[in-house]
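Asks: Take a look at this one; I'll ask things after.
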Amino acid sequence: MILFLLLAYPIYINRSLSGGFFGTAYYTIFTGLTGNEEIAMNSLAAGDIPIAAQKAVTSIVNNILTQGDLLYENLGNLPLAMVFLLALLHKFRRPEVNQAKWGVFAMWVPAVIGMALYTSNKSGISLGQIQILFAPFFTAYGTAFVLNLIARHSNKEVVPILRGGVLLLALLITSLPLLLSLPQMVRVGILTASRGIPAWPPYFPPGLNRDLRAQTSEKDFILTDQPSAVGWYADRKAIGLPKMVEQFMVLERILKFHGGKVGSILVTPSSTLNADLRTIAASYGEFTPLVLEGTVLLQTKDRNPVYLFDHSRALYPLSQRFGTPDSRQFIQGADMILYKDLQETASTPQP
């Protein structure tokens, strides 16, 4: 009974906060299918999720192939781990060892399919990328396979030398990326010892922790394309940018019902970094002019600055609150702009 209550409580919390028994964790599946689960979650307000069955199958197949391309890197750059697939064809003397290798393979295959669903597999760190968990098993079988080949096809006098040489070579290949980058890492660490290694773009911790925190109220919410960073560095309540102004209106009514409001909007390079116009427009919808305003200002500030926020018909209700000349606060030049609601009493805008 106690165990049932312990399991039921988080399910009840998920249901009451998100409307589903499993919370929002389900939408992480769209990391692999659309590249970002936020796209699916933001689209729920419009009544549909932007993916078709044919596109889903294509995305999964492409991600599985990408898993193969990045297998060496995701296995920790361990050369002997890659030999595991050849070790499957090798019959070891002990039956339990042979059975265990097929057990590892049977776990790895569905794991690859799962990673194709829950990770984008392009580059960088992904929470759903679990290839490294199989690296010890792959390396163990790969090493055993190579050492068995050496023992069977070499003279007894040179077997110890060859075994030691193979292990030393594998260790050197594995550590080579670290050895090559270590001097630069040490240099950067010494130069930035007092202020830390900068993460700009897209993150600017000093601006969030100092400037944004000083210019915003703890009670108000911040609408931003970088909600996790705002919550972490500025210790402020943050919400991701919606795709439609109508969604913003609904959000305002919900916050007002609970005694809160959107006090400011923060736009950072997170929304435009390494993305083309088509991708940005698909991700941010009616808020695209707001997201692109900083980029356009960088190109037009010398003569006639162009403020896209003010020229958008869809965003007109918001520009009356957040787009006034005094509302714009340039935290990191035009790359990071804070749009403040300077009205003393913020009311829900009417389109």
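Ordered as shown in the structure tokens, chains take letters A, B, and onward, while each chain numbers its residues from 1 and ligands are numbered from 1 in the order shown.
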Neighbouring residues of Ile280 in chain A were defined as those with any atom within 12 Å, considering only C-alpha atoms; residues of the same chain fewer than 2 positions away were excluded. Please report them as a CSV table (one decimal) with N, CA and C atoms, in the first residue's frame.
Replies:
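Output file part18.csv follows:
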```csv
chain,number,residue,atom,x,y,z
A,39,ILE,N,9.3,22.3,-30.0
A,39,ILE,CA,8.5,22.5,-31.2
A,39,ILE,C,7.1,21.8,-31.0
A,225,ASP,N,13.8,33.0,-25.1
A,225,ASP,CA,14.2,31.9,-25.8
A,225,ASP,C,15.3,31.1,-25.1
A,243,LYS,N,4.6,30.5,-30.2
A,243,LYS,CA,4.7,30.7,-31.6
A,243,LYS,C,3.6,31.8,-32.1
A,269,PRO,N,21.0,35.0,-28.5
A,269,PRO,CA,21.4,34.3,-29.7
A,269,PRO,C,20.9,32.8,-29.8
A,270,SER,N,20.3,32.3,-28.7
A,270,SER,CA,19.8,30.9,-28.7
A,270,SER,C,18.8,30.7,-29.8
A,271,SER,N,18.1,31.7,-30.2
A,271,SER,CA,17.0,31.5,-31.2
A,271,SER,C,17.5,31.6,-32.6
A,272,THR,N,18.7,32.2,-32.8
A,272,THR,CA,19.2,32.4,-34.2
A,272,THR,C,20.5,31.8,-34.5
A,273,LEU,N,21.2,31.3,-33.5
A,273,LEU,CA,22.6,30.7,-33.6
A,273,LEU,C,22.5,29.4,-34.5
A,274,ASN,N,23.3,29.5,-35.6
A,274,ASN,CA,23.4,28.3,-36.5
A,274,ASN,C,22.0,27.9,-37.1
A,275,ALA,N,21.1,28.8,-37.3
A,275,ALA,CA,19.8,28.5,-37.8
A,275,ALA,C,19.5,29.4,-39.0
A,276,ASP,N,18.9,28.9,-40.1
A,276,ASP,CA,18.5,29.7,-41.2
A,276,ASP,C,17.2,30.4,-41.0
A,277,LEU,N,16.7,31.3,-41.9
A,277,LEU,CA,15.5,32.0,-41.7
A,277,LEU,C,14.3,31.1,-41.7
A,278,ARG,N,14.3,30.0,-42.5
A,278,ARG,CA,13.2,29.1,-42.6
A,278,ARG,C,13.0,28.4,-41.2
A,282,ALA,N,9.9,28.7,-38.6
A,282,ALA,CA,9.1,27.6,-38.2
A,282,ALA,C,9.0,27.4,-36.7
A,283,SER,N,10.1,27.8,-36.0
A,283,SER,CA,10.2,27.6,-34.6
A,283,SER,C,9.5,28.7,-33.8
A,284,TYR,N,9.4,29.9,-34.3
A,284,TYR,CA,8.9,31.0,-33.5
A,284,TYR,C,7.7,31.7,-34.1
A,285,GLY,N,7.3,31.3,-35.3
A,285,GLY,CA,6.0,31.8,-35.9
A,285,GLY,C,5.9,33.3,-35.9
A,286,GLU,N,4.8,33.8,-35.2
A,286,GLU,CA,4.5,35.2,-35.2
A,286,GLU,C,5.5,36.0,-34.4
A,287,PHE,N,6.3,35.3,-33.6
A,287,PHE,CA,7.4,36.0,-32.8
A,287,PHE,C,8.7,36.1,-33.6
A,288,THR,N,8.7,35.7,-34.8
A,288,THR,CA,10.0,35.7,-35.6
A,288,THR,C,10.5,37.2,-35.8
A,289,PRO,N,9.7,38.2,-36.1
A,289,PRO,CA,10.3,39.5,-36.2
A,289,PRO,C,11.0,40.0,-34.9
A,290,LEU,N,10.4,39.6,-33.7
A,290,LEU,CA,11.0,40.0,-32.5
A,290,LEU,C,12.4,39.3,-32.3
A,291,VAL,N,12.4,38.0,-32.7
A,291,VAL,CA,13.6,37.2,-32.6
A,291,VAL,C,14.7,37.7,-33.5
A,292,LEU,N,14.3,38.2,-34.7
A,292,LEU,CA,15.3,38.7,-35.6
A,292,LEU,C,15.7,40.2,-35.5
```
Asks: Could you give me, as a PyMOL selection string, each residue of range 39-227 of chain A that DSSP assigns to strand (DSSP E) when run on this structure's backbone?
Replies: chain A and resi 221-224
Asks: Could you please take those selected residues and save N, CA and C atoms as a CSV table (one decimal), in the first residue's frame?
Replies:
```csv
chain,number,residue,atom,x,y,z
A,221,PHE,N,7.2,37.2,-14.5
A,221,PHE,CA,7.8,36.1,-15.4
A,221,PHE,C,8.5,36.8,-16.6
A,222,ILE,N,9.5,36.1,-17.1
A,222,ILE,CA,10.3,36.6,-18.2
A,222,ILE,C,10.0,35.6,-19.4
A,223,LEU,N,9.6,36.2,-20.5
A,223,LEU,CA,9.4,35.4,-21.7
A,223,LEU,C,10.7,35.4,-22.5
A,224,THR,N,11.3,34.2,-22.8
A,224,THR,CA,12.6,34.2,-23.4
A,224,THR,C,12.8,33.0,-24.2
```
Asks: Please provide as JSON, numbers by chain all residues within 12 Å of range 313-320 of chain A, with the sequence filter that same-chain residues fewer than 2 positions apart are discarded (counting only C-alpha atoms).
Replies: {"A": [223, 243, 244, 245, 246, 248, 249, 252, 262, 263, 264, 265, 285, 286, 287, 288, 289, 290, 291, 307, 308, 309, 310, 311, 322, 323, 324, 325, 326, 327, 328, 339, 340, 341, 342, 343, 346, 347, 348, 349, 350, 351]}
Asks: Could you take the residues named above and write them with C-alpha atoms, as a short mmCIF file (atom, residue, chain, number, x, y, z; two decimals), in the first residue's frame?
Replies:
```cif
data_model
loop_
_atom_site.label_atom_id
_atom_site.label_comp_id
_atom_site.auth_asym_id
_atom_site.auth_seq_id
_atom_site.Cartn_x
_atom_site.Cartn_y
_atom_site.Cartn_z
CA LEU A 223 9.37 35.38 -21.71
CA LYS A 243 4.66 30.74 -31.61
CA MET A 244 1.49 32.82 -31.72
CA VAL A 245 0.30 36.00 -30.04
CA GLU A 246 -2.91 34.18 -29.16
CA PHE A 248 0.67 34.76 -25.29
CA MET A 249 -2.81 36.13 -24.54
CA GLU A 252 -1.28 36.22 -19.70
CA VAL A 262 4.91 38.75 -17.95
CA GLY A 263 7.15 41.61 -16.94
CA SER A 264 9.71 41.44 -19.72
CA ILE A 265 10.86 39.61 -22.84
CA GLY A 285 6.01 31.77 -35.85
CA GLU A 286 4.53 35.21 -35.23
CA PHE A 287 7.37 36.04 -32.85
CA THR A 288 9.96 35.74 -35.64
CA PRO A 289 10.26 39.55 -36.15
CA LEU A 290 11.01 39.96 -32.46
CA VAL A 291 13.63 37.20 -32.55
CA TYR A 307 13.09 47.81 -35.39
CA LEU A 308 11.23 44.77 -36.71
CA PHE A 309 9.22 44.51 -33.49
CA ASP A 310 7.49 47.80 -34.30
CA HIS A 311 6.69 46.80 -37.91
CA PHE A 322 7.38 46.05 -24.69
CA GLY A 323 8.49 47.91 -27.85
CA THR A 324 8.71 51.52 -26.69
CA PRO A 325 12.13 53.24 -27.02
CA ASP A 326 12.72 53.12 -23.27
CA SER A 327 11.67 49.49 -23.05
CA ARG A 328 14.68 48.13 -24.93
CA TYR A 339 12.17 44.30 -23.63
CA LYS A 340 10.67 45.63 -20.39
CA ASP A 341 7.04 46.34 -19.67
CA LEU A 342 7.27 49.89 -18.33
CA GLN A 343 3.56 50.22 -17.65
CA ALA A 346 0.13 45.62 -16.94
CA SER A 347 -3.19 44.60 -18.38
CA THR A 348 -3.87 41.87 -20.84
CA PRO A 349 -3.48 43.40 -24.31
CA GLN A 350 -6.37 43.20 -26.70
CA PRO A 351 -5.63 42.53 -30.41
#
```
Asks: Please compute the CA of Val61 in chain A-CA of Ala111 in chain A distance, one decimal, in Å.
Replies: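 Going from CA of Val61 in chain A over to CA of Ala111 in chain A covers 13.9 Å.
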Asks: Could you write out, as a list in words, all the residues of range 290-337 of chain A that DSSP marks as alpha helix (DSSP H)?
Replies: Leu290, Val291, Leu292, Glu293, Gly294, Thr295, Val296, Leu297, Leu298, Gln299, Thr300, Tyr316, Pro317, Leu318, Ser319, Gln320, Arg321 and Phe322 of chain A
Asks: What is the distance, in Å and to one decimal place, between CA of Val230 in chain A and CA of Glu293 in chain A?
Replies: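 One can read the CA of Val230 in chain A to CA of Glu293 in chain A distance as 20.0 Å.
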Asks: So how many Å separate CA of Leu162 in chain A and CA of Ile150 in chain A, to one decimal?
Replies: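 Computing it gives 7.2 Å between the two atoms.
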